[in-house]
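Asker: Please find coords-v3.cif (mmCIF, C-alpha atoms and all ligand atoms) on the next line:
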```cif
data_protein
#
loop_
_atom_site.group_PDB
_atom_site.id
_atom_site.type_symbol
_atom_site.label_atom_id
_atom_site.label_comp_id
_atom_site.auth_asym_id
_atom_site.auth_seq_id
_atom_site.Cartn_x
_atom_site.Cartn_y
_atom_site.Cartn_z
ATOM 1 C CA MET A 268 5.905 -3.307 -11.315
ATOM 2 C CA ARG A 269 8.866 -1.447 -10.003
ATOM 3 C CA LEU A 270 9.336 -0.546 -6.380
ATOM 4 C CA ALA A 271 12.056 1.453 -4.736
ATOM 5 C CA ALA A 272 15.019 -0.470 -3.426
ATOM 6 C CA TRP A 273 16.312 0.625 -0.050
ATOM 7 C CA ARG A 274 19.593 1.684 -1.633
ATOM 8 C CA ASP A 275 17.716 4.106 -3.886
ATOM 9 C CA VAL A 276 15.596 5.381 -1.033
ATOM 10 C CA ALA A 277 18.762 6.220 0.899
ATOM 11 C CA LYS A 278 20.124 8.100 -2.080
ATOM 12 C CA LEU A 279 16.936 10.164 -2.308
ATOM 13 C CA VAL A 280 16.812 10.897 1.369
ATOM 14 C CA ARG A 281 20.416 12.029 1.273
ATOM 15 C CA ALA A 282 19.653 14.366 -1.613
ATOM 16 C CA SER A 283 16.673 16.010 0.078
ATOM 17 C CA ASP A 284 16.310 18.656 2.779
ATOM 18 C CA VAL A 285 13.252 17.210 4.460
ATOM 19 C CA VAL A 286 11.445 13.884 4.209
ATOM 20 C CA LEU A 287 7.690 13.405 4.180
ATOM 21 C CA GLU A 288 6.732 9.910 5.207
ATOM 22 C CA VAL A 289 3.218 9.223 3.959
ATOM 23 C CA ALA A 290 1.101 6.701 5.855
ATOM 24 C CA ASP A 291 -2.541 5.650 5.542
ATOM 25 C CA ILE A 292 -4.561 7.043 8.447
ATOM 26 C CA ARG A 293 -6.796 3.960 8.440
ATOM 27 C CA ASP A 294 -3.823 2.140 9.970
ATOM 28 C CA PRO A 295 -0.943 4.533 10.684
ATOM 29 C CA LEU A 296 1.177 2.082 12.652
ATOM 30 C CA GLY A 297 0.736 -0.571 9.985
ATOM 31 C CA THR A 298 1.703 1.719 7.130
ATOM 32 C CA ARG A 299 4.659 3.600 8.550
ATOM 33 C CA SER A 300 8.099 2.162 8.185
ATOM 34 C CA ARG A 301 10.444 2.027 11.136
ATOM 35 C CA ARG A 302 13.276 1.161 8.784
ATOM 36 C CA LEU A 303 12.650 4.286 6.751
ATOM 37 C CA GLU A 304 12.421 6.408 9.873
ATOM 38 C CA ASP A 305 15.708 5.055 11.206
ATOM 39 C CA MET A 306 17.375 5.757 7.896
ATOM 40 C CA VAL A 307 16.149 9.356 7.856
ATOM 41 C CA LYS A 308 17.449 9.811 11.378
ATOM 42 C CA ASP A 309 20.819 8.271 10.548
ATOM 43 C CA LEU A 310 21.168 10.596 7.585
ATOM 44 C CA ASP A 311 20.371 13.496 9.880
ATOM 45 C CA LYS A 312 17.282 14.662 7.979
ATOM 46 C CA ARG A 313 14.053 15.986 9.395
ATOM 47 C CA LEU A 314 11.051 13.698 9.112
ATOM 48 C CA LEU A 315 7.448 14.831 8.835
ATOM 49 C CA LEU A 316 4.842 12.122 9.166
ATOM 50 C CA VAL A 317 1.869 12.792 6.913
ATOM 51 C CA LEU A 318 -1.241 10.733 7.617
ATOM 52 C CA ASN A 319 -3.204 10.696 4.384
ATOM 53 C CA LYS A 320 -6.780 9.671 3.474
ATOM 54 C CA SER A 321 -8.232 11.472 6.474
ATOM 55 C CA ASP A 322 -11.527 11.656 4.561
ATOM 56 C CA LEU A 323 -11.870 7.962 5.452
ATOM 57 C CA VAL A 324 -11.904 8.357 9.232
ATOM 58 C CA PRO A 325 -13.890 10.506 11.674
ATOM 59 C CA ARG A 326 -12.165 13.711 12.658
ATOM 60 C CA GLU A 327 -11.650 12.662 16.277
ATOM 61 C CA VAL A 328 -9.857 9.543 15.071
ATOM 62 C CA ALA A 329 -7.505 11.660 12.965
ATOM 63 C CA GLU A 330 -6.923 13.988 15.914
ATOM 64 C CA GLY A 331 -6.382 11.033 18.209
ATOM 65 C CA TRP A 332 -3.702 9.587 15.967
ATOM 66 C CA LYS A 333 -1.979 12.941 15.651
ATOM 67 C CA GLU A 334 -1.856 13.357 19.424
ATOM 68 C CA TYR A 335 -0.714 9.801 19.986
ATOM 69 C CA LEU A 336 2.104 10.012 17.460
ATOM 70 C CA GLU A 337 3.176 13.471 18.574
ATOM 71 C CA ALA A 338 3.496 12.131 22.096
ATOM 72 C CA LYS A 339 5.845 9.522 20.603
ATOM 73 C CA GLY A 340 8.022 12.312 19.252
ATOM 74 C CA TYR A 341 6.829 12.518 15.649
ATOM 75 C CA GLU A 342 6.003 15.686 13.787
ATOM 76 C CA VAL A 343 2.592 14.859 12.387
ATOM 77 C CA MET A 344 -0.042 16.297 10.093
ATOM 78 C CA TYR A 345 -3.113 14.613 8.689
ATOM 79 C CA VAL A 346 -4.518 15.455 5.291
ATOM 80 C CA SER A 347 -6.750 14.166 2.570
ATOM 81 C CA ALA A 348 -5.072 14.577 -0.785
ATOM 82 C CA THR A 349 -8.190 13.743 -2.771
ATOM 83 C CA SER A 350 -10.562 15.929 -0.726
ATOM 84 C CA ARG A 351 -7.927 18.658 -0.409
ATOM 85 C CA LEU A 352 -8.208 18.717 3.359
ATOM 86 C CA GLY A 353 -5.219 20.203 5.140
ATOM 87 C CA THR A 354 -3.136 20.324 1.999
ATOM 88 C CA ARG A 355 -2.690 24.082 2.002
ATOM 89 C CA MET A 356 -1.599 23.882 5.626
ATOM 90 C CA LEU A 357 0.835 21.117 4.816
ATOM 91 C CA ARG A 358 2.399 23.212 2.099
ATOM 92 C CA GLY A 359 2.860 26.120 4.494
ATOM 93 C CA TRP A 360 4.198 23.821 7.172
ATOM 94 C CA ILE A 361 6.884 22.364 4.917
ATOM 95 C CA LYS A 362 7.973 25.859 3.898
ATOM 96 C CA SER A 363 8.192 27.018 7.492
ATOM 97 C CA VAL A 364 10.059 23.939 8.680
ATOM 98 C CA VAL A 365 12.769 24.074 6.021
ATOM 99 C CA LYS A 366 15.103 26.995 6.414
ATOM 100 C CA VAL A 367 17.242 26.643 3.316
ATOM 101 C CA ARG A 368 16.350 27.892 -0.161
ATOM 102 C CA PRO A 369 16.039 26.328 -2.639
ATOM 103 C CA PHE A 370 14.958 23.087 -1.009
ATOM 104 C CA THR A 371 13.732 19.640 -1.913
ATOM 105 C CA ALA A 372 11.200 17.573 0.010
ATOM 106 C CA ALA A 373 11.245 13.842 -0.665
ATOM 107 C CA VAL A 374 7.914 12.041 -0.396
ATOM 108 C CA VAL A 375 8.332 8.418 0.592
ATOM 109 C CA GLY A 376 6.261 5.577 1.987
ATOM 110 C CA TYR A 377 4.627 2.288 1.183
ATOM 111 C CA PRO A 378 2.753 1.869 -2.107
ATOM 112 C CA LYS A 379 -0.761 3.307 -2.395
ATOM 113 C CA THR A 380 -0.549 5.640 0.572
ATOM 114 C CA GLY A 381 -1.138 8.609 -1.732
ATOM 115 C CA LYS A 382 2.332 10.083 -2.187
ATOM 116 C CA SER A 383 1.701 11.284 -5.744
ATOM 117 C CA SER A 384 -1.785 12.501 -4.868
ATOM 118 C CA ILE A 385 -0.369 14.640 -2.070
ATOM 119 C CA ILE A 386 2.171 16.243 -4.372
ATOM 120 C CA ASN A 387 -0.557 16.998 -6.897
ATOM 121 C CA ALA A 388 -2.778 18.471 -4.201
ATOM 122 C CA LEU A 389 0.066 20.672 -2.963
ATOM 123 C CA ARG A 390 0.864 21.826 -6.470
ATOM 124 C CA GLY A 391 -2.772 22.507 -7.205
ATOM 125 C CA ARG A 392 -2.403 20.779 -10.529
ATOM 126 C CA LYS A 393 -1.537 17.380 -11.819
ATOM 127 C CA GLY A 394 2.012 16.416 -12.588
ATOM 128 C CA ALA A 395 2.781 13.396 -10.530
ATOM 129 C CA SER A 396 1.005 10.420 -12.052
ATOM 130 C CA THR A 397 -1.384 8.626 -9.713
ATOM 131 C CA SER A 398 -3.100 5.264 -9.969
ATOM 132 C CA PRO A 399 -6.261 5.367 -12.077
ATOM 133 C CA VAL A 400 -7.303 2.209 -10.236
ATOM 134 C CA PRO A 401 -6.567 2.208 -6.537
ATOM 135 C CA GLY A 402 -4.731 -0.975 -5.807
ATOM 136 C CA SER A 403 -2.779 -1.189 -9.034
ATOM 137 C CA TYR A 404 0.692 -1.793 -7.820
ATOM 138 C CA GLY A 405 3.691 0.473 -7.641
ATOM 139 C CA TYR A 406 2.135 3.073 -9.850
ATOM 140 C CA THR A 407 4.904 5.624 -9.713
ATOM 141 C CA ARG A 408 7.749 4.011 -11.632
ATOM 142 C CA GLY A 409 10.681 6.298 -11.354
ATOM 143 C CA VAL A 410 11.702 9.193 -9.259
ATOM 144 C CA GLN A 411 10.101 12.424 -10.365
ATOM 145 C CA LEU A 412 11.189 15.917 -9.419
ATOM 146 C CA LEU A 413 8.361 18.451 -9.366
ATOM 147 C CA LYS A 414 8.480 22.168 -8.862
ATOM 148 C CA LEU A 415 5.825 23.703 -6.629
ATOM 149 C CA GLU A 416 7.111 27.250 -6.794
ATOM 150 C CA GLU A 417 10.440 29.050 -7.066
ATOM 151 C CA GLY A 418 12.837 27.278 -4.724
ATOM 152 C CA PHE A 419 10.354 24.606 -3.583
ATOM 153 C CA TYR A 420 10.790 21.174 -5.105
ATOM 154 C CA MET A 421 9.307 17.815 -4.289
ATOM 155 C CA ILE A 422 10.532 14.359 -5.208
ATOM 156 C CA ASP A 423 7.896 11.742 -5.908
ATOM 157 C CA THR A 424 9.106 8.203 -5.342
ATOM 158 C CA PRO A 425 7.832 4.715 -6.055
ATOM 159 C CA GLY A 426 6.423 2.949 -3.019
ATOM 160 C CA ILE A 427 9.025 1.237 -0.908
ATOM 161 C CA VAL A 428 8.979 -2.527 -0.948
ATOM 162 C CA PRO A 429 6.418 -3.830 1.534
ATOM 163 C CA ALA A 430 8.661 -6.801 2.188
ATOM 164 C CA ASP A 431 8.078 -7.061 5.891
ATOM 165 C CA GLY A 432 4.929 -8.435 7.387
ATOM 166 C CA GLY A 433 2.713 -11.442 6.822
ATOM 167 C CA TRP A 434 -1.031 -11.211 6.249
ATOM 168 C CA PRO A 435 -2.828 -8.923 6.395
ATOM 169 C CA GLU A 436 0.014 -6.469 6.970
ATOM 170 C CA ALA A 437 1.488 -6.817 3.487
ATOM 171 C CA VAL A 438 -1.915 -6.101 1.959
ATOM 172 C CA ILE A 439 -2.428 -3.082 4.178
ATOM 173 C CA ARG A 440 1.035 -1.917 3.112
ATOM 174 C CA GLY A 441 -0.103 -1.768 -0.457
ATOM 175 C CA MET A 442 0.714 -5.131 -1.958
ATOM 176 C CA ALA A 443 -1.609 -5.516 -4.915
ATOM 177 C CA PRO A 444 -3.917 -8.496 -5.454
ATOM 178 C CA GLU A 445 -2.215 -9.516 -8.704
ATOM 179 C CA GLU A 446 1.136 -9.716 -6.920
ATOM 180 C CA ILE A 447 -0.151 -12.137 -4.312
ATOM 181 C CA LYS A 448 0.369 -15.744 -5.318
ATOM 182 C CA ASP A 449 -2.279 -17.169 -3.044
ATOM 183 C CA PRO A 450 -4.753 -14.363 -2.306
ATOM 184 C CA VAL A 451 -7.083 -16.499 -0.186
ATOM 185 C CA PRO A 452 -5.160 -16.501 3.116
ATOM 186 C CA ALA A 453 -4.308 -12.836 2.556
ATOM 187 C CA ALA A 454 -7.958 -11.922 2.039
ATOM 188 C CA MET A 455 -9.070 -14.065 4.968
ATOM 189 C CA ALA A 456 -6.674 -12.284 7.284
ATOM 190 C CA LEU A 457 -7.857 -8.965 5.905
ATOM 191 C CA ILE A 458 -11.502 -9.901 6.501
ATOM 192 C CA GLU A 459 -10.692 -10.936 10.043
ATOM 193 C CA ARG A 460 -9.010 -7.596 10.653
ATOM 194 C CA ALA A 461 -11.930 -5.769 9.045
ATOM 195 C CA LEU A 462 -14.498 -7.514 11.247
ATOM 196 C CA GLN A 463 -12.392 -6.875 14.324
ATOM 197 C CA TYR A 464 -12.612 -3.120 13.783
ATOM 198 C CA ASN A 465 -15.917 -2.896 11.939
ATOM 199 C CA PRO A 466 -18.353 -5.758 12.592
ATOM 200 C CA LEU A 467 -20.532 -4.468 9.745
ATOM 201 C CA ALA A 468 -17.724 -4.376 7.167
ATOM 202 C CA LEU A 469 -18.969 -7.377 5.160
ATOM 203 C CA VAL A 470 -22.638 -6.480 5.473
ATOM 204 C CA ASP A 471 -22.001 -2.962 4.241
ATOM 205 C CA ALA A 472 -19.672 -3.927 1.407
ATOM 206 C CA TYR A 473 -21.388 -7.058 0.114
ATOM 207 C CA GLY A 474 -24.570 -7.707 2.074
ATOM 208 C CA ILE A 475 -22.896 -10.809 3.525
ATOM 209 C CA GLU A 476 -23.787 -11.689 7.106
ATOM 210 C CA THR A 477 -21.246 -14.367 8.016
ATOM 211 C CA LYS A 478 -18.326 -13.802 10.368
ATOM 212 C CA ASP A 479 -16.368 -16.668 8.846
ATOM 213 C CA PRO A 480 -13.769 -15.359 6.370
ATOM 214 C CA LEU A 481 -13.731 -18.419 4.121
ATOM 215 C CA GLN A 482 -17.480 -18.596 4.021
ATOM 216 C CA ALA A 483 -17.555 -14.901 3.201
ATOM 217 C CA LEU A 484 -15.291 -15.462 0.195
ATOM 218 C CA GLU A 485 -17.506 -18.324 -0.964
ATOM 219 C CA SER A 486 -20.653 -16.257 -0.612
ATOM 220 C CA LEU A 487 -19.069 -13.385 -2.498
ATOM 221 C CA ALA A 488 -17.959 -15.666 -5.346
ATOM 222 C CA ILE A 489 -21.450 -17.131 -5.589
ATOM 223 C CA LYS A 490 -23.058 -13.690 -5.457
ATOM 224 C CA ARG A 491 -20.874 -12.491 -8.303
ATOM 225 C CA GLY A 492 -21.234 -15.661 -10.323
ATOM 226 C CA TRP A 493 -17.545 -16.579 -10.096
ATOM 227 C CA ARG A 494 -17.380 -20.339 -10.497
ATOM 228 C CA TYR A 495 -15.008 -22.886 -11.933
ATOM 229 C CA LYS A 496 -16.284 -23.879 -15.369
ATOM 230 C CA SER A 497 -15.462 -27.514 -14.819
ATOM 231 C CA SER A 498 -16.817 -28.185 -11.351
ATOM 232 C CA GLY A 499 -19.113 -25.220 -10.725
ATOM 233 C CA GLU A 500 -17.380 -24.698 -7.386
ATOM 234 C CA PRO A 501 -17.148 -21.050 -6.247
ATOM 235 C CA LEU A 502 -13.940 -19.354 -7.395
ATOM 236 C CA ILE A 503 -12.789 -18.065 -4.054
ATOM 237 C CA GLU A 504 -9.473 -16.791 -5.414
ATOM 238 C CA GLU A 505 -11.371 -14.278 -7.514
ATOM 239 C CA ALA A 506 -13.412 -13.195 -4.498
ATOM 240 C CA ALA A 507 -10.198 -12.869 -2.476
ATOM 241 C CA ARG A 508 -8.673 -10.515 -5.035
ATOM 242 C CA ALA A 509 -11.870 -8.477 -5.081
ATOM 243 C CA VAL A 510 -11.807 -8.121 -1.304
ATOM 244 C CA ILE A 511 -8.210 -6.917 -1.371
ATOM 245 C CA ARG A 512 -9.010 -4.422 -4.105
ATOM 246 C CA ASP A 513 -12.002 -3.243 -2.102
ATOM 247 C CA TYR A 514 -9.797 -2.492 0.866
ATOM 248 C CA HIS A 515 -7.749 -0.151 -1.298
ATOM 249 C CA THR A 516 -10.858 1.633 -2.549
ATOM 250 C CA ALA A 517 -12.289 1.610 1.004
ATOM 251 C CA ARG A 518 -15.424 -0.210 -0.130
ATOM 252 C CA LEU A 519 -14.369 -2.755 2.483
ATOM 253 C CA TYR A 520 -14.342 -0.247 5.283
ATOM 254 C CA PHE A 521 -12.568 -0.209 8.593
ATOM 255 C CA TYR A 522 -9.975 1.772 10.425
ATOM 256 C CA VAL A 523 -7.801 1.175 13.447
ATOM 257 C CA PRO A 524 -8.604 3.603 16.271
ATOM 258 C CA PRO A 525 -5.742 5.303 18.102
ATOM 259 C CA PRO A 526 -4.617 3.429 21.237
HETATM 260 N N1 LIG B 601 -9.947 8.268 -0.043
HETATM 261 C C1 LIG B 601 -8.749 8.744 -0.391
HETATM 262 N N2 LIG B 601 -8.059 8.137 -1.376
HETATM 263 C C2 LIG B 601 -6.848 8.642 -1.697
HETATM 264 C C3 LIG B 601 -6.299 9.777 -1.048
HETATM 265 N N3 LIG B 601 -5.087 10.025 -1.591
HETATM 266 C C4 LIG B 601 -4.891 9.087 -2.537
HETATM 267 N N4 LIG B 601 -5.954 8.272 -2.613
HETATM 268 C C5 LIG B 601 -6.137 7.149 -3.559
HETATM 269 O O1 LIG B 601 -5.175 6.166 -3.297
HETATM 270 C C6 LIG B 601 -4.696 5.604 -4.527
HETATM 271 C C7 LIG B 601 -3.196 5.705 -4.566
HETATM 272 O O2 LIG B 601 -2.826 7.059 -4.726
HETATM 273 P P1 LIG B 601 -1.412 7.463 -5.340
HETATM 274 O O3 LIG B 601 -1.247 8.936 -5.158
HETATM 275 O O4 LIG B 601 -1.215 6.890 -6.686
HETATM 276 O O5 LIG B 601 -0.485 6.710 -4.281
HETATM 277 P P2 LIG B 601 1.091 6.540 -4.313
HETATM 278 O O6 LIG B 601 1.520 6.473 -2.887
HETATM 279 O O7 LIG B 601 1.714 7.588 -5.157
HETATM 280 O O8 LIG B 601 1.222 5.101 -4.976
HETATM 281 P P3 LIG B 601 2.520 4.433 -5.688
HETATM 282 O O9 LIG B 601 3.104 5.448 -6.599
HETATM 283 O O10 LIG B 601 1.938 3.256 -6.390
HETATM 284 O O11 LIG B 601 3.414 4.046 -4.557
HETATM 285 C C8 LIG B 601 -5.361 6.384 -5.657
HETATM 286 O O12 LIG B 601 -6.424 5.637 -6.174
HETATM 287 C C9 LIG B 601 -5.853 7.633 -4.972
HETATM 288 O O13 LIG B 601 -7.023 8.142 -5.572
HETATM 289 C C10 LIG B 601 -7.071 10.409 -0.011
HETATM 290 O O14 LIG B 601 -6.699 11.418 0.601
HETATM 291 N N5 LIG B 601 -8.280 9.836 0.268
HETATM 292 MG MG MG B 602 2.899 7.415 -6.767
#
```
Please re-express this file's structure in structure tokens.

Answerer:
Amino acid sequence: MRLAAWRDVAKLVRASDVVLEVADIRDPLGTRSRRLEDMVKDLDKRLLLVLNKSDLVPREVAEGWKEYLEAKGYEVMYVSATSRLGTRMLRGWIKSVVKVRPFTAAVVGYPKTGKSSIINALRGRKGASTSPVPGSYGYTRGVQLLKLEEGFYMIDTPGIVPADGGWPEAVIRGMAPEEIKDPVPAAMALIERALQYNPLALVDAYGIETKDPLQALESLAIKRGWRYKSSGEPLIEEAARAVIRDYHTARLYFYVPPP
């Protein structure tokens, strides 16, 4: 896995004319980076906040987040890279916002927010490599410069290090299950968050009725036949990794509504 160091992010931001910060609309406040935003401001660059994966929330939720964040002074658009919703508008918006030609737009954000997918959607063809498996970590390895049309370039970047935040924040910020040393507390916190915003999250994903995170992991392990060979005890670590993966694929489904 290779993630972008802050030093490299600063270099990229400096080299670009506009910065697209990509966040996950299921939890915009949890997946935007204040540190990144401050850096962009310090370097005197314009920041556009792109809320991606809007196919995963109702339209009024997407609108609500846009209004809320605009009131906070952000320039915001929501899109779905994979469903190609709003991507044509985003492309036009970037072109209208940037006055210089040629220009470069840097696409930055936490891992797994869909940075590469957005670039591909805007280009209308593949070019930036995206994760075949959602949840595989830090998929984009290096910085990639892609041409959209004459004078319009985009820089794809690896996800920035989701160093800040305990559980479940680090998971929501794209930390992959295989990177987490002890996935059980991480998954438990994630389950708690899921149930807080969607009481049916476990029922819908796994047919599990309990509200107790640890019991849910046990039930899932038993359901899937994940047991220690020696003792026959349920392998809750395996279930924990599955739950984390399922958040990235949105099988474990919830979103945070706008305040
Ligand atoms: N539902 C949904 N999934 C999306 C959307 N955009 C991206 N994804 C999925 O999210 C996962 C991550 O997408 P990538 O484009 O690789 O994300 P990235 O930000 O470039 O990830 P890194 O390069 O690892 O930092 C992939 O499995 C995508 O299919 C979207 O608009 N909606
Ligand atoms: Mg990528």

Asker: Record the distance separating atom CA of A:Leu323 and atom CA of A:Arg293, expressed in Å with one decimal.

Answerer: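 One can read the atom CA of A:Leu323 to atom CA of A:Arg293 distance as 7.1 Å.
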
Asker: Using all atoms of ligand LIG 601 (chain B) listed in the file and a margin of 6 Å per side, can you give the axis-aligned box centre and edge lengths in Å to one decimal, as JSON?

Answerer:
```
{"center_x": -3.3, "center_y": 7.3, "center_z": -3.0, "size_x": 25.4, "size_y": 20.2, "size_z": 19.3}
```

Asker: Can you tell me which residues surround stretch 385-389 of chain A at a distance of at most 10 Å, considering all atoms listed in the file, apart from same-chain residues fewer than 5 positions away, and format the answer as a PyMOL selection string?

Answerer: chain A and resi 289+317+319-320+346-359+374+380+394-397+413-415+420-423

Asker: Please produce a file of the residues just selected, as an mmCIF file, in the frame of the given file, where the atoms kept are C-alpha atoms.

Answerer:
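Wrote it out as again-v4.cif, contents follow:
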```cif
data_model
loop_
_atom_site.group_PDB
_atom_site.id
_atom_site.type_symbol
_atom_site.label_atom_id
_atom_site.label_comp_id
_atom_site.auth_asym_id
_atom_site.auth_seq_id
_atom_site.Cartn_x
_atom_site.Cartn_y
_atom_site.Cartn_z
ATOM 1 C CA VAL A 289 3.218 9.223 3.959
ATOM 2 C CA VAL A 317 1.869 12.792 6.913
ATOM 3 C CA ASN A 319 -3.204 10.696 4.384
ATOM 4 C CA LYS A 320 -6.780 9.671 3.474
ATOM 5 C CA VAL A 346 -4.518 15.455 5.291
ATOM 6 C CA SER A 347 -6.750 14.166 2.570
ATOM 7 C CA ALA A 348 -5.072 14.577 -0.785
ATOM 8 C CA THR A 349 -8.190 13.743 -2.771
ATOM 9 C CA SER A 350 -10.562 15.929 -0.726
ATOM 10 C CA ARG A 351 -7.927 18.658 -0.409
ATOM 11 C CA LEU A 352 -8.208 18.717 3.359
ATOM 12 C CA GLY A 353 -5.219 20.203 5.140
ATOM 13 C CA THR A 354 -3.136 20.324 1.999
ATOM 14 C CA ARG A 355 -2.690 24.082 2.002
ATOM 15 C CA MET A 356 -1.599 23.882 5.626
ATOM 16 C CA LEU A 357 0.835 21.117 4.816
ATOM 17 C CA ARG A 358 2.399 23.212 2.099
ATOM 18 C CA GLY A 359 2.860 26.120 4.494
ATOM 19 C CA VAL A 374 7.914 12.041 -0.396
ATOM 20 C CA THR A 380 -0.549 5.640 0.572
ATOM 21 C CA GLY A 394 2.012 16.416 -12.588
ATOM 22 C CA ALA A 395 2.781 13.396 -10.530
ATOM 23 C CA SER A 396 1.005 10.420 -12.052
ATOM 24 C CA THR A 397 -1.384 8.626 -9.713
ATOM 25 C CA LEU A 413 8.361 18.451 -9.366
ATOM 26 C CA LYS A 414 8.480 22.168 -8.862
ATOM 27 C CA LEU A 415 5.825 23.703 -6.629
ATOM 28 C CA TYR A 420 10.790 21.174 -5.105
ATOM 29 C CA MET A 421 9.307 17.815 -4.289
ATOM 30 C CA ILE A 422 10.532 14.359 -5.208
ATOM 31 C CA ASP A 423 7.896 11.742 -5.908
#
```

Asker: Could you tell me, as a PDB file with C-alpha atoms, in the frame of the given file, exactly which residues end up selected when the PyMOL selection byres (((chain A and resi 439-443) around 9) and not hetatm) is applied to this structure?

Answerer:
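Once everything was written out, this is out.pdb:
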```
ATOM      1  CA  ASP A 291      -2.541   5.650   5.542  1.00  0.00           C
ATOM      2  CA  ASP A 294      -3.823   2.140   9.970  1.00  0.00           C
ATOM      3  CA  GLY A 297       0.736  -0.571   9.985  1.00  0.00           C
ATOM      4  CA  THR A 298       1.703   1.719   7.130  1.00  0.00           C
ATOM      5  CA  ARG A 299       4.659   3.600   8.550  1.00  0.00           C
ATOM      6  CA  TYR A 377       4.627   2.288   1.183  1.00  0.00           C
ATOM      7  CA  PRO A 378       2.753   1.869  -2.107  1.00  0.00           C
ATOM      8  CA  LYS A 379      -0.761   3.307  -2.395  1.00  0.00           C
ATOM      9  CA  THR A 380      -0.549   5.640   0.572  1.00  0.00           C
ATOM     10  CA  GLY A 402      -4.731  -0.975  -5.807  1.00  0.00           C
ATOM     11  CA  SER A 403      -2.779  -1.189  -9.034  1.00  0.00           C
ATOM     12  CA  TYR A 404       0.692  -1.793  -7.820  1.00  0.00           C
ATOM     13  CA  GLY A 405       3.691   0.473  -7.641  1.00  0.00           C
ATOM     14  CA  GLY A 426       6.423   2.949  -3.019  1.00  0.00           C
ATOM     15  CA  VAL A 428       8.979  -2.527  -0.948  1.00  0.00           C
ATOM     16  CA  PRO A 429       6.418  -3.830   1.534  1.00  0.00           C
ATOM     17  CA  GLY A 432       4.929  -8.435   7.387  1.00  0.00           C
ATOM     18  CA  TRP A 434      -1.031 -11.211   6.249  1.00  0.00           C
ATOM     19  CA  PRO A 435      -2.828  -8.923   6.395  1.00  0.00           C
ATOM     20  CA  GLU A 436       0.014  -6.469   6.970  1.00  0.00           C
ATOM     21  CA  ALA A 437       1.488  -6.817   3.487  1.00  0.00           C
ATOM     22  CA  VAL A 438      -1.915  -6.101   1.959  1.00  0.00           C
ATOM     23  CA  PRO A 444      -3.917  -8.496  -5.454  1.00  0.00           C
ATOM     24  CA  GLU A 445      -2.215  -9.516  -8.704  1.00  0.00           C
ATOM     25  CA  GLU A 446       1.136  -9.716  -6.920  1.00  0.00           C
ATOM     26  CA  ILE A 447      -0.151 -12.137  -4.312  1.00  0.00           C
ATOM     27  CA  LEU A 457      -7.857  -8.965   5.905  1.00  0.00           C
ATOM     28  CA  ARG A 508      -8.673 -10.515  -5.035  1.00  0.00           C
ATOM     29  CA  ILE A 511      -8.210  -6.917  -1.371  1.00  0.00           C
ATOM     30  CA  ARG A 512      -9.010  -4.422  -4.105  1.00  0.00           C
ATOM     31  CA  TYR A 514      -9.797  -2.492   0.866  1.00  0.00           C
ATOM     32  CA  HIS A 515      -7.749  -0.151  -1.298  1.00  0.00           C
TER      33      HIS A 515
END
```

Asker: Which residue, A:Glu288, A:Glu304, A:Asp449, A:Asp471, has the smallest gap to ligand LIG 601 (chain B) when you use all atoms listed in the file?

Answerer: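 Among the listed residues, the smallest separation from ligand LIG 601 (chain B) belongs to A:Glu288.
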
Asker: Pick the closest to A:Val364 from A:Ala277, A:Val285, A:Ile292, A:Ala338: which is it, counting all atoms listed in the file?

Answerer: A:Val285

Asker: If you measure from atom CA of A:Val367 to atom CA of A:Phe419, what distance in Å do you get, rounded to one decimal?

Answerer: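 Distance reported for this atom pair: 10.0 Å.
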
Asker: Taking the file as I've supplied it (selection: the PyMOL selection byres (((chain A and resi 455) around 10) and not hetatm)), which residues are included? Please answer as a ChimeraX atom specification.

Answerer: /A:434-435,450-454,456-461,479-484,507,510-511

Asker: Give me stretch 370-378 of chain A with N, CA and C atoms filled in, as an mmCIF file, keeping the file's coordinate frame.

Answerer:
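Final file, part_15.cif:
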```cif
data_model
loop_
_atom_site.group_PDB
_atom_site.id
_atom_site.type_symbol
_atom_site.label_atom_id
_atom_site.label_comp_id
_atom_site.auth_asym_id
_atom_site.auth_seq_id
_atom_site.Cartn_x
_atom_site.Cartn_y
_atom_site.Cartn_z
ATOM 1 N N PHE A 370 14.951 24.338 -1.744
ATOM 2 C CA PHE A 370 14.958 23.087 -1.009
ATOM 3 C C PHE A 370 14.126 22.021 -1.705
ATOM 4 N N THR A 371 14.412 20.783 -1.324
ATOM 5 C CA THR A 371 13.732 19.640 -1.913
ATOM 6 C C THR A 371 13.136 18.779 -0.798
ATOM 7 N N ALA A 372 11.870 18.466 -0.943
ATOM 8 C CA ALA A 372 11.200 17.573 0.010
ATOM 9 C C ALA A 372 10.953 16.241 -0.675
ATOM 10 N N ALA A 373 11.480 15.174 -0.105
ATOM 11 C CA ALA A 373 11.245 13.842 -0.665
ATOM 12 C C ALA A 373 9.988 13.249 -0.051
ATOM 13 N N VAL A 374 9.148 12.658 -0.882
ATOM 14 C CA VAL A 374 7.914 12.041 -0.396
ATOM 15 C C VAL A 374 8.051 10.533 -0.538
ATOM 16 N N VAL A 375 8.076 9.862 0.602
ATOM 17 C CA VAL A 375 8.332 8.418 0.592
ATOM 18 C C VAL A 375 7.285 7.678 1.427
ATOM 19 N N GLY A 376 7.197 6.394 1.216
ATOM 20 C CA GLY A 376 6.261 5.577 1.987
ATOM 21 C C GLY A 376 5.893 4.329 1.215
ATOM 22 N N TYR A 377 5.075 3.513 1.837
ATOM 23 C CA TYR A 377 4.627 2.288 1.183
ATOM 24 C C TYR A 377 3.762 2.626 -0.030
ATOM 25 N N PRO A 378 3.604 1.651 -0.939
ATOM 26 C CA PRO A 378 2.753 1.869 -2.107
ATOM 27 C C PRO A 378 1.329 2.248 -1.691
#
```
